[in-house]
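Visitor: Below is the structure I would like to discuss, written out as structure tokens.
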Amino acid sequence: MKINDVILQTVTKIVVFIILTFGVELFLSGHNNPGGGFIGGLVLSSAFVLLYLVYDIETVQKGIPFDFKKIAAIGVLLAVGSGTGSMLFGSEFLTHTFSEFTLPVFGATELGTVVLFEAGVALTVVGVVVTIILSISEDV
Amino acid sequence: METLITILIGVLVTVAVYLLLSRSLIRVILGSAILSHAVHLLLMTMGGLKKGGVPLIGEDNSTFTDALPQALILTAIVISFAVTAFLLVLAYRTYKETGQDNLDALRGFEDE
Amino acid sequence: MFLSIAIFIPFLIAIFIPFIYKRVPNRNIGWFVLVVPVLLFLFLASHIPTVAEGKTTIHTFRWIESAGIHFTTYLDGLSLIFGLLISGVGSLVILYSIYYLSEREALGRFYVYLLLFMGAMLGVVFSDNMMVLYVFWELTSISSFLLIAFWYHRKKSRYGAQKSMLITVTGGIGMLAGFVMLQSLTGTFSVRETIQVIDQYTGEGLFIAAMSLVLLGAFTKSAQFPFHIWLPDAMEAPTPVSAYLHSATMVKAGIYLVARFTPIFGGEKIWFYAICCVGIFTLFLGSFNAVRQTDLKALLAYSTISQLGLIMSLIGLGSAATAQGMSTQSAIFVQATFAALFHLVNHSTFKGALFMVVGILDHELGTRDVRRLGGLMAFMPVTFTIALIGSFSMAGLPPFNGFLSKEMFFEAMLSLRGLDLFSLGAWGAIFPVIAWVASIFTFVYSMIIVFQTFFGEHHPERIERPAHEAKPGMLIAPSVLATFIIGIFFFPNLIGDYLLRPAVKGLYPTLSNVESMIPAITVWHGFNTALWMTIGVIILGVVLYWRLHSWKGIYTAAPMRLNLDTMYNGLLLKTEEGASSITRFYMTGYLRDYVVYIFTFFILIVGGVFFTNGSFSIDLSNDAPIAANEYIIIFVMMGASIAIIFAKSRKTAIILNGVLGYAIAILFVVFRAPDLALTQIVVETVTTALFLLCFYFLPEWKMEKLPKPTKLVNGLIAVSAGVIVTVIALAAQGNKLFESVSVYFENAYDLAGGKNIVNTILGDFRAFDTMLEVVVLFIAGIGVFTLIKLKAGKEERDVEDQ
């Protein structure tokens with residue numbers, strides 16, 4: 001992948017952050033508005049993919065020194081593990097709970113354990129998508 | 001609307017099956033991608049189209065469109081993405097190893 | 001309770017063996033393993049006093065209520081005797097293996113298999129639930145398979161393992177069907193409960209079928225005619241295994257099964273005849289064939305077949321007691337059963353010892369061919385003594401335990417004369433005659449073991465290594481067994497009272513005072529018919545052994561070519577050929593063919609059912625209205641999809657596919673599905689990027705040059721598939737049979753605390769789907785990664801073939 005385009009690179013630097021922010025926003029808003037783990041994860045991964053497409057792999061790897069396979073594995077672990085957590089409290093596998101909290105900055109906020117599950121989903125999606133793209137493009 | 005979409009599904013299935021029957025690996029993969037498009041639409045149609053508001057509680061709707069097919073399709077989209085990706089890589093590896101993308105030439109060992 | 005746990009101890013230890021073996025990679029690993037059967041033996045032995053008083057122990061772990069399958073262990077005299085054999089002989093065999101197996105062998109694997117077998121076998125004898133029993137039963141077949149194929153690089157080992165597996169598992173599956181039939185009659189899988197209620201069902205048609213199938217299982221496992229052919233081939237296993245599985249324990253599982261089911265089926269004529277006739281014929285066939293063997297192990301294998309037949313026939317005779325109820329005659333049958341169990345124990349002792357002797361010969365001299373051995377008495381005095389004791393016991397000579405049970409066997413067979421039982425009539429006289437003839441052959445082959453091996457001329461050049469006595473360690477186990485052989489002769493009533501009587505009582509739970517029908521075992525009965533028969537056996541046996549060379553010709557003269565082994569091989573070959581020709585016929589290796597099958601099937605079956613039922617009632621009245629822009633989207637999609645087929649370059653095709661994907665995203669917006677639209681857009685983008693990435697490496701696609709007819713067929717299949725999908729979808733929309741379940745999800749906010757219904761379904765209501773989906777996604781990712789990163793070396797096929 002030899003792309004050397006100053007405009008693209010400059011734009012990407014900004015755009016990536018917009019996409020990442022958007023991805024996180026989508027992920028967090030998922031329970032009440034369109035969004036959620038899948039979409040959030042996909043948008044996040046598209047940001048990474050864009051980075052890899054615009055810069056070469058080595059450069060990006062320096063900036064983001066994650067092993068995305070591990071991220072995917074952690075995601076699966078989180079998704080399955082959040083399900084087993086409920087079993088410790090005597091409920092069925094994958095039961096989620098939620099309630100209202102009043103937090104200093106956000107005011108009345110609803111928090112649910114489902115966010116752990118969704119985070120697992122999102123991490124898996126990011127990990128897998130980036131792993132797929134990376135494996136192919138590295139194998140030249 | 002449902003009828004028209006159903007006919008569209010029929011067309012998509014026809015195209016997908018035709019592509020699946022061809023020799024070239026890439027066509028087969030495209031076929032499977034289009035087939036999953038068709039199935040997504042089919043699921044959607046089965047729940048009824050435009051029968052209510054967006055399935056978000058708190059909007060100004062009293063009725064909601066059927067949310068279950070949507071959840072199913074969301075799952076299916078991601079899975080079909082995974083399948084397509086896997087098939088693509090399979091095709092790519094096959095081509096690298098054998099120099100072939102013609103399925104007829106890729107038939108297994110003769111002595112098996 | 002403890003018993004249930006005891007069954008699992010071997011399995012548990014087996015798990016740890018590989019780890020221990022890493023630490024102790026030499027023969028000392030055997031000492032760790034040895035602890036297991038010794039402890040089990042002591043544990044079971046501690047139950048002897050309570051069981052001898054007639055107490056039984058039941059313990060149940062409730063398991064699958066709906067299917068009536070529970071983990072129930074039942075300890076009575078019958079299961080105890082088998083349990084003691086399994087753990088006792090098991091201890092000796094492991095002790096023997098420590099010295100027998102070379103340190104170069106995969107000892108860890110060996111002991112894992114052996115423990116697996118031990119646990120499975122204990123499970124068979126202590127399980128009361130038929131389903132659990134069946135699972136353990138098959139587990140013994142599997143562990144036997146693994147042990148026979150222990151030297152898997154040998155072709156013969158693999159053949160023997162496969163043969164034993166095929167035959168015993170076939171019988172096992174038959175047995176499973178029999179169990180299911182019984183359950184459908186009585187409504188319970190418990191053996192004890194079945195015994196209670198079986199009287200009401202003996203008239204049913206299924207009863208006989210169930211009986212035959214259970215017998216099939218027992219006969220295949222216990223190597224009864226015509227299923228005995230697997231046992232000689234199973235001798236490819238290491239000798240300790242042959243001693244343990246293929247003479248002392250596993251092959252007796254069939255006998256256990258018959259004994260255990262005697263209270264259920266015992267009153268039936270077919271049961272009686274099948275077991276008695278098969279048993280007595282197997283007895284004769286085994287002993288007759290044993291004489292011609294030159295491989296000592298093969299000789300012992302045929303001898304085992306023959307002895308199993310003997311025990312089987314006695315158990316069959318004993319089953320008549322259940323039919324007779326309490327009468328004067330039933331004493332005869334109860335005594336037959338007593339004799340059967342007595343011989344079962346005796347057989348385990350003397351056959352175990354003999355197998356170990358043969359193992360010693362093989363180990364020290366490098367051969368077990370009787371033609372190459374001779375004159376070893378001077379070199380191997382201890383081995384010779386043990387062999388002598390074992391063989392003479394097998395031949396039925398005093399002062400060894402075989403004499404006692406052989407006498408009892410003769411008496412039981414003689415009592416069949418003139419019995420008015422199951423319209424036996426004059427045919428009853430045949431049984432003692434066959435038994436007597438078979439015993440003569442038994443005598444002959446027992447003499448072959450002793451005299452041809454240890455007497456006669458010694459030929460050092462015929463054996464691989466110079467003759468010498470085995471290491472003391474190897475001699476311990478067979479010596480213990482030899483001590484038992486003599487000990488039982490002198491104190492038979494010790495095991496008679498403490499083990500055999502409770503066992504007989506366990507075998508006849510429905511009869512009351514069975515114990516009173518069993519006299520004490522005595523060595524001397526005076527000069528009765530049975531003793532004269534034994535004397536006749538000895539005289540004729542000596543003559544026959546002496547003149548062996550002059551009559552051995554009958555083995556080659558008789559039409560032995562048409563034997564069961566060739567039939568088995570032929571059947572196997574034909575089945576394989578048939579299966580592979582059928583498979584070749586439709587598994588062509590062309591993807592197109594498979595896709596054609598799938599869609600043709602779909603078109604014919606689904607479409608066919610639809611047309612024949614006339615299930616078309618298309619109701620379009622409920623359709624939503626269509627806006628003009630929606631028409632445009634839909635027609636663009638149709639156009640784009642059709643254009644893909646005719647696309648000249650792959651880039652065009654991909655762009656058209658992208659058009660389809662984004663158009664669907666727009667449709668999702670129209671259909672009030674914002675989540676889907678978002679996901680679809682991102683997925684479509686990533687997919688397109690992926691396609692383009694792969695195109696970088698793949699060749700440009702060529703226009704397909706298919707012959708006209710193929711194209712036509714493809715088109716026809718594609719169009720019919722499309723039409724049928726459309727028609728079915730239309731029909732399904734027109735006929736809503738049920739209310740949608742989705743109303744439930746509309747309470748999402750109260751139930752799951754989310755306002756986005758789709759996401760609450762994904763994350764909460766149906767989170768299991770999502771979880772597994774994530775797993776699938778992960779697997780796909782790993783699959784892609786491994787496909788690319790792991791490039792297997794090419795020429796690594798055909799590793800094993802010898």
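Naming scheme: A, B, ... for chains in displayed order of the structure tokens; residues 1 onward per chain; ligands 1 onward as shown.
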Pull out every residue of chain A that has at least one atom within 8 Å of chain C, counting only C-alpha atoms, and report them as a PyMOL selection string.

Guide: chain A and resi 30-36+38-39+42-43+46+69+72-73+76+79-80+94-99+112+114+117-118+121+124-125+128-129+131-133+135-137+139

Visitor: Suppose we keep N, CA and C atoms; can you now write the selection as a compact mmCIF listing (two decimals), in the first residue's frame?

Guide:
# COMPACT_ATOMS: atom_id res chain seq x y z
N GLY A 30 -26.23 4.19 22.50
CA GLY A 30 -26.93 3.03 21.93
C GLY A 30 -28.17 2.60 22.64
N HIS A 31 -28.24 2.84 23.95
CA HIS A 31 -29.37 2.21 24.62
C HIS A 31 -30.67 2.98 24.41
N ASN A 32 -30.54 4.25 24.20
CA ASN A 32 -31.75 5.03 24.06
C ASN A 32 -31.94 5.61 22.66
N ASN A 33 -30.89 5.69 21.92
CA ASN A 33 -30.96 6.25 20.58
C ASN A 33 -30.27 5.30 19.62
N PRO A 34 -30.41 5.54 18.34
CA PRO A 34 -29.68 4.66 17.40
C PRO A 34 -28.21 4.62 17.75
N GLY A 35 -27.64 3.44 17.66
CA GLY A 35 -26.23 3.29 18.02
C GLY A 35 -26.05 1.94 18.68
N GLY A 36 -25.04 1.84 19.50
CA GLY A 36 -24.83 0.58 20.21
C GLY A 36 -23.49 -0.03 19.87
N PHE A 38 -22.40 -2.66 18.10
CA PHE A 38 -22.01 -3.01 16.75
C PHE A 38 -21.60 -1.80 15.94
N ILE A 39 -22.53 -0.81 15.95
CA ILE A 39 -22.28 0.35 15.11
C ILE A 39 -21.08 1.11 15.64
N LEU A 42 -18.02 -0.71 14.68
CA LEU A 42 -17.74 -0.62 13.24
C LEU A 42 -17.18 0.75 12.89
N VAL A 43 -17.78 1.81 13.46
CA VAL A 43 -17.30 3.15 13.14
C VAL A 43 -15.87 3.33 13.65
N SER A 46 -13.59 1.61 11.41
CA SER A 46 -13.39 2.27 10.12
C SER A 46 -12.38 3.41 10.28
N LYS A 69 -5.85 -8.56 17.69
CA LYS A 69 -6.37 -9.90 18.02
C LYS A 69 -6.70 -9.99 19.49
N ALA A 72 -9.83 -8.19 20.28
CA ALA A 72 -11.01 -9.00 19.95
C ALA A 72 -11.23 -10.05 21.02
N ALA A 73 -10.16 -10.67 21.46
CA ALA A 73 -10.29 -11.71 22.48
C ALA A 73 -10.83 -11.13 23.78
N VAL A 76 -14.54 -10.61 23.43
CA VAL A 76 -15.34 -11.83 23.60
C VAL A 76 -15.41 -12.19 25.07
N ALA A 79 -17.82 -9.90 26.77
CA ALA A 79 -19.22 -10.18 26.43
C ALA A 79 -19.71 -11.43 27.16
N VAL A 80 -18.89 -12.47 27.14
CA VAL A 80 -19.31 -13.71 27.80
C VAL A 80 -19.24 -13.53 29.32
N LEU A 94 -26.51 -14.04 31.54
CA LEU A 94 -26.75 -12.87 30.68
C LEU A 94 -27.88 -11.97 31.15
N THR A 95 -28.28 -12.08 32.41
CA THR A 95 -29.27 -11.13 32.91
C THR A 95 -28.57 -9.80 33.18
N HIS A 96 -29.19 -8.72 32.73
CA HIS A 96 -28.59 -7.41 32.98
C HIS A 96 -29.47 -6.64 33.93
N THR A 97 -28.87 -5.72 34.60
CA THR A 97 -29.66 -4.90 35.51
C THR A 97 -29.33 -3.43 35.28
N PHE A 98 -30.16 -2.58 35.78
CA PHE A 98 -29.93 -1.14 35.55
C PHE A 98 -30.61 -0.37 36.66
N SER A 99 -30.12 0.83 36.91
CA SER A 99 -30.88 1.73 37.79
C SER A 99 -30.38 3.16 37.61
N GLY A 112 -26.42 0.85 33.36
CA GLY A 112 -26.81 -0.55 33.30
C GLY A 112 -25.61 -1.44 33.08
N VAL A 114 -25.54 -3.68 31.11
CA VAL A 114 -25.52 -4.06 29.71
C VAL A 114 -24.40 -3.33 28.98
N PHE A 117 -21.53 -5.54 28.41
CA PHE A 117 -21.78 -6.46 27.30
C PHE A 117 -21.56 -5.76 25.97
N GLU A 118 -22.14 -4.57 25.87
CA GLU A 118 -22.01 -3.82 24.61
C GLU A 118 -20.55 -3.45 24.36
N VAL A 121 -18.98 -6.34 22.85
CA VAL A 121 -19.33 -6.44 21.44
C VAL A 121 -18.50 -5.46 20.62
N THR A 124 -14.89 -6.49 20.28
CA THR A 124 -14.73 -7.61 19.35
C THR A 124 -14.80 -7.12 17.91
N VAL A 125 -15.80 -6.27 17.65
CA VAL A 125 -15.95 -5.79 16.28
C VAL A 125 -14.70 -5.05 15.84
N VAL A 128 -11.78 -7.55 15.40
CA VAL A 128 -11.88 -8.46 14.26
C VAL A 128 -11.72 -7.72 12.95
N VAL A 129 -12.42 -6.61 12.82
CA VAL A 129 -12.36 -5.89 11.54
C VAL A 129 -10.93 -5.45 11.26
N THR A 131 -8.19 -6.67 12.50
CA THR A 131 -7.34 -7.84 12.27
C THR A 131 -7.47 -8.32 10.84
N ILE A 132 -8.70 -8.39 10.35
CA ILE A 132 -8.91 -8.88 8.98
C ILE A 132 -8.18 -7.97 7.98
N ILE A 133 -8.44 -6.69 8.09
CA ILE A 133 -7.85 -5.76 7.13
C ILE A 133 -6.32 -5.81 7.22
N SER A 135 -4.36 -8.20 8.38
CA SER A 135 -3.74 -9.45 7.92
C SER A 135 -3.58 -9.44 6.42
N ILE A 136 -4.63 -8.96 5.74
CA ILE A 136 -4.54 -8.99 4.28
C ILE A 136 -3.48 -8.00 3.80
N SER A 137 -3.52 -6.79 4.35
CA SER A 137 -2.61 -5.81 3.78
C SER A 137 -1.16 -6.07 4.17
N ASP A 139 0.15 -8.95 4.22
CA ASP A 139 0.60 -10.15 3.52
C ASP A 139 0.84 -9.85 2.05

Visitor: Using only C-alpha atoms, determine which residues of chain B fall within 7 Å of chain C; present them as a PyMOL selection string.

Guide: chain B and resi 1-3+6-15+17-18+21-22+46+49-50+53-58+66-68+70-71+74-75+79+81-82+86+88-89+92-93+95+103-104+107-108

Visitor: Hey, what's within 10 Å of Met380 of chain C if we count only C-alpha atoms and toss same-chain stuff fewer than 5 positions away? As a ChimeraX atom specification, please?

Guide: /C:360-361,375,385,454,467-470

Visitor: Enumerate, as a ChimeraX atom specification, the complete set of residues in chain B that a backbone-based DSSP assignment places in alpha helix (DSSP H).

Guide: /B:2-20,25-46,67-98

Visitor: According to DSSP computed on the backbone, where in chain A is there strand (DSSP E)? Give the residues as a PyMOL selection string.

Guide: chain A and resi 98-103+107-112

Visitor: Can those selected residues be exported to a file as a CSV table (one decimal), in the first residue's frame so that it contains C-alpha atoms?

Guide:
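again-v2.csv, freshly written:
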chain,number,residue,atom,x,y,z
A,98,PHE,CA,-29.9,-1.1,35.6
A,99,SER,CA,-30.9,1.7,37.8
A,100,GLU,CA,-30.8,5.5,38.1
A,101,PHE,CA,-27.8,7.2,39.6
A,102,THR,CA,-27.2,10.9,40.2
A,103,LEU,CA,-23.7,11.8,39.2
A,107,GLY,CA,-27.1,14.7,36.7
A,108,ALA,CA,-29.6,11.9,36.8
A,109,THR,CA,-28.0,9.1,34.8
A,110,GLU,CA,-29.1,5.7,34.1
A,111,LEU,CA,-26.4,3.1,34.3
A,112,GLY,CA,-26.8,-0.5,33.3

Visitor: Determine, counting only C-alpha atoms, which protein, DNA and RNA residues have an atom within 9 Å of an atom of Leu107 of chain C; residues of the same chain fewer than 6 positions away are not included. Present the result as a count of residues only.

Guide: 7

Visitor: Do you have the atom CA of Ile311 of chain C-atom CA of Val258 of chain C distance handy?

Guide: 10.7 Å

Visitor: Give me, as a ChimeraX atom specification, all polymer residues having an atom no more than 8 Å from Val130 of chain A, counting only C-alpha atoms and skipping those fewer than 3 positions away in the same chain.

Guide: /A:45,48-49,68,126-127,133-134

Visitor: May I ask for the distance between atom CA of Phe333 of chain C and atom CA of Ala321 of chain C, given in Å to one decimal place?

Guide: 5.4 Å

Visitor: Pick from C:Tyr445, C:Trp524, C:Phe225, C:Phe342: nearest to Leu548 of chain C, with only C-alpha atoms counted?

Guide: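 Among C:Tyr445, C:Trp524, C:Phe225, C:Phe342, it is C:Tyr445 that comes nearest to Leu548 of chain C.
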
Visitor: Could you work out how far atom CA of Val124 of chain C lies from atom CA of Leu257 of chain C, giving the answer in Å with one decimal?

Guide: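 Atom-to-atom, atom CA of Leu257 of chain C and atom CA of Val124 of chain C are spaced 8.9 Å apart.
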
Visitor: When you count only C-alpha atoms, which of these residues is closest to chain B: A:Gly23, A:Leu53, A:Thr59, A:Ser29?

Guide: A:Ser29

Visitor: Under the rule that only C-alpha atoms are counted, which of A:Val24, A:Ile14, A:Gly41, A:Gly85 is the nearest residue to chain B?

Guide: A:Gly41

Visitor: Please list as a list in words every residue within 12 Å of Asn569 of chain C, counting only C-alpha atoms and excluding residues in the same chain fewer than 6 positions away.

Guide: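 Listed by chain and then number, they are Tyr159, Gly160, Gln162, Lys163, Leu166, Ile229, Trp230, Leu562, Asn563, Thr575 and Glu576 of chain C.
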